[in-house]
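A.B. asks: What follows is input20.txt; its format and atoms are compact mmCIF, C-alpha atoms.
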# COMPACT_ATOMS: atom_id res chain seq x y z
CA MET P 1 151.94 109.71 101.08
CA SER P 2 154.16 108.59 98.21
CA ALA P 3 156.40 111.29 96.74
CA ARG P 4 154.91 110.40 93.34
CA PHE P 5 151.56 111.91 94.45
CA GLU P 6 150.87 115.51 95.41
CA GLU P 7 147.56 116.97 96.54
CA LEU P 8 147.45 120.49 95.08
CA ASP P 9 144.10 121.52 96.55
CA TRP P 10 141.24 120.13 98.62
CA ARG P 11 137.99 121.94 99.34
CA GLU P 12 134.60 121.14 100.83
CA THR P 13 131.81 122.18 98.44
CA PRO P 14 128.01 121.81 98.41
CA LYS P 15 128.55 118.90 95.99
CA GLY P 16 131.12 117.15 98.19
CA ALA P 17 134.86 117.32 98.79
CA ILE P 18 136.73 118.17 95.60
CA SER P 19 140.45 117.66 95.27
CA LEU P 20 143.13 118.25 92.65
CA TRP P 21 146.05 115.82 92.45
CA ARG P 22 149.29 115.71 90.50
CA ARG P 23 151.24 112.50 90.05
CA ARG P 24 154.07 111.14 87.96
CA ASP P 25 153.04 108.43 85.49
CA PRO P 26 155.45 105.52 86.10
CA SER P 27 155.48 104.33 82.48
CA SER P 28 155.92 107.62 80.63
CA GLY P 29 157.27 109.87 83.36
CA ALA P 30 154.70 112.52 82.41
CA GLU P 31 152.85 114.62 84.96
CA VAL P 32 149.20 113.59 85.31
CA TYR P 33 146.54 115.85 86.83
CA GLU P 34 143.42 114.27 88.32
CA VAL P 35 140.26 115.60 89.93
CA LYS P 36 138.19 113.71 92.49
CA LEU P 37 134.78 114.48 93.98
CA ASP P 38 134.76 112.68 97.33
CA ASP P 39 136.15 109.25 96.35
CA GLU P 40 134.97 109.38 92.71
CA TYR P 41 137.36 110.30 89.90
CA LEU P 42 135.88 113.04 87.72
CA MET P 43 138.66 113.56 85.20
CA SER P 44 142.27 112.91 84.39
CA SER P 45 144.76 114.52 82.04
CA LEU P 46 145.74 110.98 81.06
CA PHE P 47 142.46 110.65 79.12
CA THR P 48 141.57 113.74 77.07
CA ALA P 49 140.60 112.37 73.64
CA GLY P 50 136.88 112.60 74.36
CA GLU P 51 137.07 116.16 75.69
CA ILE P 52 139.08 117.28 72.64
CA ALA P 53 136.73 115.45 70.26
CA LEU P 54 133.75 117.18 71.88
CA ALA P 55 135.08 120.54 70.68
CA GLU P 56 136.34 119.33 67.31
CA LEU P 57 133.14 117.48 66.39
CA GLY P 58 130.90 120.17 67.80
CA LEU P 59 132.50 122.95 65.76
CA ALA P 60 133.44 120.97 62.64
CA ASP P 61 130.55 121.86 60.35
CA LEU P 62 129.66 125.33 61.58
CA PRO P 63 130.00 127.95 58.83
CA GLY P 64 131.42 131.42 59.13
CA THR P 65 133.58 133.21 61.67
CA GLY P 66 132.96 135.09 64.90
CA LEU P 67 131.39 132.00 66.43
CA ASP P 68 129.96 132.38 69.93
CA VAL P 69 130.46 129.18 71.92
CA VAL P 70 129.51 127.91 75.37
CA VAL P 71 131.28 125.09 77.19
CA GLY P 72 129.36 123.62 80.09
CA GLY P 73 131.92 122.15 82.51
CA LEU P 74 135.45 123.56 82.76
CA GLY P 75 137.28 120.61 84.32
CA LEU P 76 140.95 120.56 83.36
CA GLY P 77 140.18 122.79 80.38
CA TYR P 78 140.81 120.51 77.40
CA THR P 79 137.48 121.19 75.68
CA ALA P 80 137.79 124.94 76.21
CA ALA P 81 141.41 125.02 75.00
CA THR P 82 140.46 123.10 71.85
CA VAL P 83 137.65 125.57 71.15
CA LEU P 84 140.08 128.47 71.42
CA ARG P 85 142.47 126.84 68.94
CA ASP P 86 139.76 127.30 66.29
CA ALA P 87 140.39 130.69 64.70
CA ARG P 88 136.71 130.99 63.74
CA VAL P 89 135.71 131.35 67.41
CA GLY P 90 134.95 134.91 68.43
CA SER P 91 133.90 134.30 72.04
CA LEU P 92 133.87 131.47 74.54
CA LEU P 93 131.78 131.34 77.71
CA VAL P 94 132.80 128.52 80.08
CA ILE P 95 130.34 127.73 82.87
CA ASP P 96 131.26 125.67 85.92
CA ALA P 97 129.29 125.09 89.11
CA LEU P 98 132.44 124.85 91.23
CA GLY P 99 134.26 128.09 91.87
CA GLU P 100 137.14 126.00 93.15
CA VAL P 101 137.75 124.60 89.67
CA ILE P 102 137.73 128.08 88.16
CA SER P 103 140.22 129.24 90.79
CA TRP P 104 142.63 126.41 89.84
CA HIS P 105 142.81 127.85 86.33
CA ARG P 106 143.16 131.44 87.52
CA GLN P 107 145.92 130.46 89.95
CA GLY P 108 147.79 128.40 87.35
CA LEU P 109 147.46 125.16 89.32
CA VAL P 110 146.51 123.27 86.14
CA PRO P 111 148.57 123.33 82.92
CA LEU P 112 145.96 124.91 80.62
CA GLY P 113 144.80 127.58 83.06
CA GLY P 114 147.22 130.27 81.95
CA GLY P 115 146.23 129.99 78.29
CA LEU P 116 142.51 130.07 79.01
CA THR P 117 142.60 133.01 81.38
CA ALA P 118 144.92 135.02 79.11
CA ASP P 119 142.78 134.65 75.98
CA PRO P 120 140.54 137.73 75.66
CA ARG P 121 137.87 135.66 73.91
CA CYS P 122 137.40 133.43 76.97
CA ARG P 123 135.24 134.18 80.01
CA LEU P 124 134.96 131.81 82.97
CA VAL P 125 131.62 131.96 84.77
CA HIS P 126 130.79 130.43 88.14
CA GLY P 127 127.24 129.14 87.77
CA ASP P 128 124.92 126.17 87.42
CA PHE P 129 124.86 125.35 83.70
CA PHE P 130 121.62 123.36 83.99
CA ALA P 131 119.80 126.11 85.88
CA LEU P 132 120.95 128.70 83.35
CA ALA P 133 120.01 126.54 80.35
CA GLY P 134 116.51 126.02 81.74
CA GLY P 135 116.02 129.51 83.16
CA PRO P 136 114.28 132.50 81.59
CA ASP P 137 117.41 134.53 80.81
CA GLY P 138 119.63 131.90 79.20
CA LEU P 139 123.28 130.96 79.49
CA ASP P 140 125.01 134.33 79.72
CA PRO P 141 124.28 136.01 83.07
CA ASP P 142 125.46 139.34 81.64
CA THR P 143 123.34 139.23 78.46
CA PRO P 144 119.83 137.82 78.95
CA GLY P 145 118.46 136.02 75.91
CA ARG P 146 121.83 135.75 74.16
CA LEU P 147 122.04 133.09 71.43
CA PHE P 148 125.06 130.94 70.61
CA HIS P 149 126.37 129.02 67.61
CA ALA P 150 127.42 126.01 69.70
CA VAL P 151 126.89 124.67 73.21
CA LEU P 152 129.29 121.90 74.23
CA VAL P 153 128.60 120.04 77.48
CA ASP P 154 130.87 117.80 79.56
CA ILE P 155 129.53 117.66 83.11
CA ASP P 156 127.82 114.35 83.89
CA HIS P 157 129.27 110.91 83.23
CA SER P 158 126.43 110.26 80.75
CA PRO P 159 122.75 111.13 80.25
CA GLU P 160 121.87 108.15 82.47
CA HIS P 161 124.72 108.55 85.00
CA VAL P 162 124.36 112.08 86.35
CA LEU P 163 126.30 113.69 89.18
CA HIS P 164 123.12 115.07 90.77
CA PRO P 165 119.43 114.17 90.28
CA ASP P 166 118.67 117.81 89.42
CA HIS P 167 120.59 117.36 86.15
CA ALA P 168 118.38 114.54 84.83
CA PRO P 169 115.55 116.69 83.34
CA PHE P 170 118.05 118.38 81.02
CA TYR P 171 118.43 115.13 79.05
CA GLU P 172 114.70 114.76 78.43
CA PRO P 173 112.97 116.32 75.41
CA ALA P 174 111.59 119.24 77.43
CA GLY P 175 115.05 120.12 78.75
CA LEU P 176 116.65 119.75 75.34
CA ARG P 177 114.04 122.07 73.81
CA LYS P 178 115.02 124.80 76.26
CA LEU P 179 118.67 124.30 75.35
CA ALA P 180 117.84 124.38 71.62
CA GLY P 181 116.18 127.75 72.24
CA ARG P 182 119.59 129.12 73.26
CA LEU P 183 121.05 128.36 69.82
CA HIS P 184 121.05 130.29 66.57
CA PRO P 185 119.29 128.58 63.64
CA GLY P 186 121.63 125.84 62.47
CA GLY P 187 123.40 125.92 65.84
CA VAL P 188 124.99 122.85 67.44
CA PHE P 189 124.53 121.11 70.76
CA ALA P 190 127.24 118.54 71.53
CA LEU P 191 127.55 116.30 74.58
CA TRP P 192 130.34 114.12 75.96
CA SER P 193 129.42 110.77 77.53
CA ASN P 194 131.51 108.07 79.14
CA ASP P 195 128.96 105.42 78.13
CA PRO P 196 128.22 103.76 74.77
CA PRO P 197 125.54 105.41 72.61
CA SER P 198 122.14 105.42 74.29
CA ASP P 199 119.06 104.59 72.22
CA ARG P 200 116.89 106.48 74.69
CA PHE P 201 118.96 109.66 74.50
CA GLU P 202 119.32 109.46 70.72
CA ALA P 203 115.51 109.28 70.50
CA ALA P 204 115.22 112.38 72.71
CA LEU P 205 117.66 114.27 70.47
CA ALA P 206 115.78 113.21 67.34
CA GLU P 207 112.54 114.51 68.85
CA VAL P 208 113.98 118.00 69.40
CA PHE P 209 116.71 118.64 66.81
CA ALA P 210 116.67 118.64 63.02
CA GLU P 211 119.56 116.18 62.88
CA SER P 212 121.73 114.31 65.37
CA GLN P 213 124.46 111.68 65.47
CA ALA P 214 126.40 109.70 68.08
CA HIS P 215 130.15 109.50 67.44
CA VAL P 216 132.20 106.82 69.21
CA VAL P 217 135.68 108.11 70.11
CA THR P 218 138.34 105.42 70.61
CA PHE P 219 141.61 105.93 72.50
CA PRO P 220 144.20 103.79 74.30
CA ASN P 221 143.83 103.08 78.02
CA PRO P 222 147.34 102.31 79.29
CA LEU P 223 146.06 101.54 82.79
CA GLN P 224 144.07 98.58 81.47
CA ASP P 225 146.19 97.86 78.38
CA ARG P 226 143.19 98.06 76.06
CA GLU P 227 141.20 100.45 73.88
CA ALA P 228 138.60 102.61 75.59
CA THR P 229 135.70 104.60 74.15
CA ASN P 230 133.67 107.71 74.84
CA THR P 231 130.60 108.96 72.98
CA VAL P 232 130.13 112.45 71.58
CA TYR P 233 126.57 113.34 70.55
CA VAL P 234 126.21 116.16 68.02
CA ALA P 235 122.81 117.66 67.23
CA ARG P 236 121.81 120.65 65.11
CA THR P 237 118.83 122.98 65.17
CA PRO P 238 116.93 123.66 61.92
CA GLN P 239 118.34 126.26 59.57
CA ALA P 240 116.41 129.52 59.34
Transcribe the structure of this file into structure tokens.

C.D. replies:
Amino acid sequence: MSARFEELDWRETPKGAISLWRRRDPSSGAEVYEVKLDDEYLMSSLFTAGEIALAELGLADLPGTGLDVVVGGLGLGYTAATVLRDARVGSLLVIDALGEVISWHRQGLVPLGGGLTADPRCRLVHGDFFALAGGPDGLDPDTPGRLFHAVLVDIDHSPEHVLHPDHAPFYEPAGLRKLAGRLHPGGVFALWSNDPPSDRFEAALAEVFAESQAHVVTFPNPLQDREATNTVYVARTPQA
């Protein structure tokens, strides 16, 4: 194996073999962290604009302070870290289905792990976000029925390109209604997608939420020497 690449962890999980890699970017010299599930790349610290925008756009128009926020999907922690940079946030619950990913942060194997685990507002929960969102007790295993001001989700590649078939019902109107029931009046649901805006998903959001919008986030892709895009959907429940 080239000295430029280092495998920091590799584990078998019910979802496949997950691995954490660190490499040196040849053009910038910066350290790049990447996560793979089997042979599929899940995330890279080289591309974080969409994850950061998910938090910024999701929280942008929420009034007040003491905001209670959920992030579905921990990954390398860029969405969660951006949430915690907002002084209005009172608590952050981060849910990830892979305990291995949570352990990377707790062990300091990824750059943002120390900041997340040291912040008293932040709690990392090992659980299935989709099962919790659709279940009777809601998203916080310790507080059944708890409501939140914002739920920000970055798990699947897109509403049409899911990591597991069990996730697909979440993106239909019935699944979105259950999620909306976990939000305070005027609360926000925001979703990251690697695909362009989807007419089908925008129609599902419009059926459930009082307002919704698809934001296209543009950022440079040095590997392909071109601009790349992600989509961040932001939807809001009716005010009381």

A.B. asks: Taking all atoms listed in the file into account, which of P:Gly29, P:Gly115, P:Gly77, P:Pro141 comes nearest P:Ile52?

C.D. replies: P:Gly77

A.B. asks: In Å, how far is it from atom CA of P:Ser212 to atom CA of P:Val162?

C.D. replies: 21.3 Å

A.B. asks: Ranking P:Arg4, P:Arg85, P:His157, P:Lys15 by minimum distance to P:Asn194 and counting all atoms listed in the file, which one comes first?

C.D. replies: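 Distance minimum relative to P:Asn194 lands on P:His157.
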
A.B. asks: Pick the closest to P:Tyr171 from P:Leu139, P:Ala204, P:Val153, P:Ala133: which is it, counting only C-alpha atoms?

C.D. replies: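 Between P:Leu139, P:Ala204, P:Val153, P:Ala133, the residue approaching P:Tyr171 most closely is P:Ala204.
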
A.B. asks: Go ahead and compute the interatomic distance for atom CA of P:Thr143 and atom CA of P:Glu51, in Å to one decimal.

C.D. replies: 27.0 Å

A.B. asks: Leaving out P:His164 and any residue of its chain fewer than 4 positions from it, which residues lie within 12 Å of it when counting all atoms listed in the file, given as a compact mmCIF listing (two decimals) with C-alpha atoms, keeping the file's coordinate frame?

C.D. replies:
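Generated output (selection.txt):
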# COMPACT_ATOMS: atom_id res chain seq x y z
CA PRO P 14 128.01 121.81 98.41
CA LYS P 15 128.55 118.90 95.99
CA GLY P 16 131.12 117.15 98.19
CA ALA P 97 129.29 125.09 89.11
CA ASP P 128 124.92 126.17 87.42
CA PHE P 130 121.62 123.36 83.99
CA ILE P 155 129.53 117.66 83.11
CA ASP P 156 127.82 114.35 83.89
CA HIS P 157 129.27 110.91 83.23
CA SER P 158 126.43 110.26 80.75
CA PRO P 159 122.75 111.13 80.25
CA GLU P 160 121.87 108.15 82.47
CA ALA P 168 118.38 114.54 84.83
CA PRO P 169 115.55 116.69 83.34
CA PHE P 170 118.05 118.38 81.02

A.B. asks: Env of P:Leu76: 10 Å cut, atoms = only C-alpha atoms, seq-sep filter 6 positions within chain, self excluded. Answer as a PyMOL selection string.

C.D. replies: chain P and resi 20+33-35+43-45+48+51+101-102+104-105+109-113

A.B. asks: Which polymer residues have any atom within 7 Å of an atom of stretch 60-66 of chain P, counting only C-alpha atoms, with same-chain residues fewer than 6 positions away left out, as a PyMOL selection string?

C.D. replies: chain P and resi 88-90

A.B. asks: If we count all atoms listed in the file, what is near P:Glu12 at a cut-off of 10 Å, once residues fewer than 5 positions away on the same chain are taken out, given as a list in words?

C.D. replies: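 My list of contacting residues is Ala17, Ile18, Ser19, Leu37, Asp38 and Glu100 of chain P.
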
A.B. asks: Output stretch 101-118 of chain P as an mmCIF file, in the frame of the given file, making sure N, CA, C and O atoms are there.

C.D. replies:
data_model
loop_
_atom_site.group_PDB
_atom_site.id
_atom_site.type_symbol
_atom_site.label_atom_id
_atom_site.label_comp_id
_atom_site.auth_asym_id
_atom_site.auth_seq_id
_atom_site.Cartn_x
_atom_site.Cartn_y
_atom_site.Cartn_z
ATOM 1 N N VAL P 101 137.145 125.006 90.937
ATOM 2 C CA VAL P 101 137.750 124.600 89.670
ATOM 3 C C VAL P 101 138.193 125.824 88.877
ATOM 4 O O VAL P 101 139.287 125.859 88.297
ATOM 5 N N ILE P 102 137.358 126.843 88.848
ATOM 6 C CA ILE P 102 137.730 128.080 88.160
ATOM 7 C C ILE P 102 138.984 128.684 88.791
ATOM 8 O O ILE P 102 139.891 129.154 88.091
ATOM 9 N N SER P 103 139.059 128.657 90.116
ATOM 10 C CA SER P 103 140.220 129.240 90.790
ATOM 11 C C SER P 103 141.500 128.481 90.455
ATOM 12 O O SER P 103 142.579 129.087 90.392
ATOM 13 N N TRP P 104 141.428 127.154 90.241
ATOM 14 C CA TRP P 104 142.630 126.410 89.840
ATOM 15 C C TRP P 104 143.219 126.974 88.560
ATOM 16 O O TRP P 104 144.430 127.093 88.421
ATOM 17 N N HIS P 105 142.342 127.299 87.608
ATOM 18 C CA HIS P 105 142.810 127.850 86.330
ATOM 19 C C HIS P 105 143.377 129.257 86.530
ATOM 20 O O HIS P 105 144.417 129.598 85.956
ATOM 21 N N ARG P 106 142.700 130.067 87.312
ATOM 22 C CA ARG P 106 143.160 131.440 87.520
ATOM 23 C C ARG P 106 144.473 131.494 88.299
ATOM 24 O O ARG P 106 145.274 132.412 88.119
ATOM 25 N N GLN P 107 144.692 130.505 89.154
ATOM 26 C CA GLN P 107 145.920 130.460 89.950
ATOM 27 C C GLN P 107 147.053 129.728 89.231
ATOM 28 O O GLN P 107 148.180 129.696 89.741
ATOM 29 N N GLY P 108 146.768 129.135 88.077
ATOM 30 C CA GLY P 108 147.790 128.400 87.350
ATOM 31 C C GLY P 108 148.125 127.057 87.962
ATOM 32 O O GLY P 108 149.223 126.527 87.722
ATOM 33 N N LEU P 109 147.205 126.463 88.713
ATOM 34 C CA LEU P 109 147.460 125.160 89.320
ATOM 35 C C LEU P 109 147.314 124.016 88.317
ATOM 36 O O LEU P 109 147.764 122.897 88.590
ATOM 37 N N VAL P 110 146.660 124.279 87.182
ATOM 38 C CA VAL P 110 146.510 123.270 86.140
ATOM 39 C C VAL P 110 147.177 123.785 84.863
ATOM 40 O O VAL P 110 147.217 125.003 84.617
ATOM 41 N N PRO P 111 147.715 122.892 84.036
ATOM 42 C CA PRO P 111 148.570 123.330 82.920
ATOM 43 C C PRO P 111 147.907 124.269 81.921
ATOM 44 O O PRO P 111 148.581 125.142 81.364
ATOM 45 N N LEU P 112 146.607 124.104 81.659
ATOM 46 C CA LEU P 112 145.960 124.910 80.620
ATOM 47 C C LEU P 112 145.378 126.214 81.157
ATOM 48 O O LEU P 112 144.875 127.025 80.377
ATOM 49 N N GLY P 113 145.445 126.408 82.471
ATOM 50 C CA GLY P 113 144.800 127.580 83.060
ATOM 51 C C GLY P 113 145.331 128.895 82.540
ATOM 52 O O GLY P 113 144.559 129.828 82.265
ATOM 53 N N GLY P 114 146.648 129.008 82.398
ATOM 54 C CA GLY P 114 147.220 130.270 81.950
ATOM 55 C C GLY P 114 146.747 130.668 80.566
ATOM 56 O O GLY P 114 146.431 131.841 80.320
ATOM 57 N N GLY P 115 146.676 129.700 79.648
ATOM 58 C CA GLY P 115 146.230 129.990 78.290
ATOM 59 C C GLY P 115 144.777 130.401 78.233
ATOM 60 O O GLY P 115 144.403 131.317 77.478
ATOM 61 N N LEU P 116 143.939 129.743 79.022
ATOM 62 C CA LEU P 116 142.510 130.070 79.010
ATOM 63 C C LEU P 116 142.274 131.455 79.590
ATOM 64 O O LEU P 116 141.524 132.253 79.020
ATOM 65 N N THR P 117 142.886 131.740 80.719
ATOM 66 C CA THR P 117 142.600 133.010 81.380
ATOM 67 C C THR P 117 143.251 134.193 80.654
ATOM 68 O O THR P 117 142.802 135.330 80.810
ATOM 69 N N ALA P 118 144.269 133.930 79.847
ATOM 70 C CA ALA P 118 144.920 135.020 79.110
ATOM 71 C C ALA P 118 144.240 135.337 77.792
ATOM 72 O O ALA P 118 144.466 136.408 77.222
#
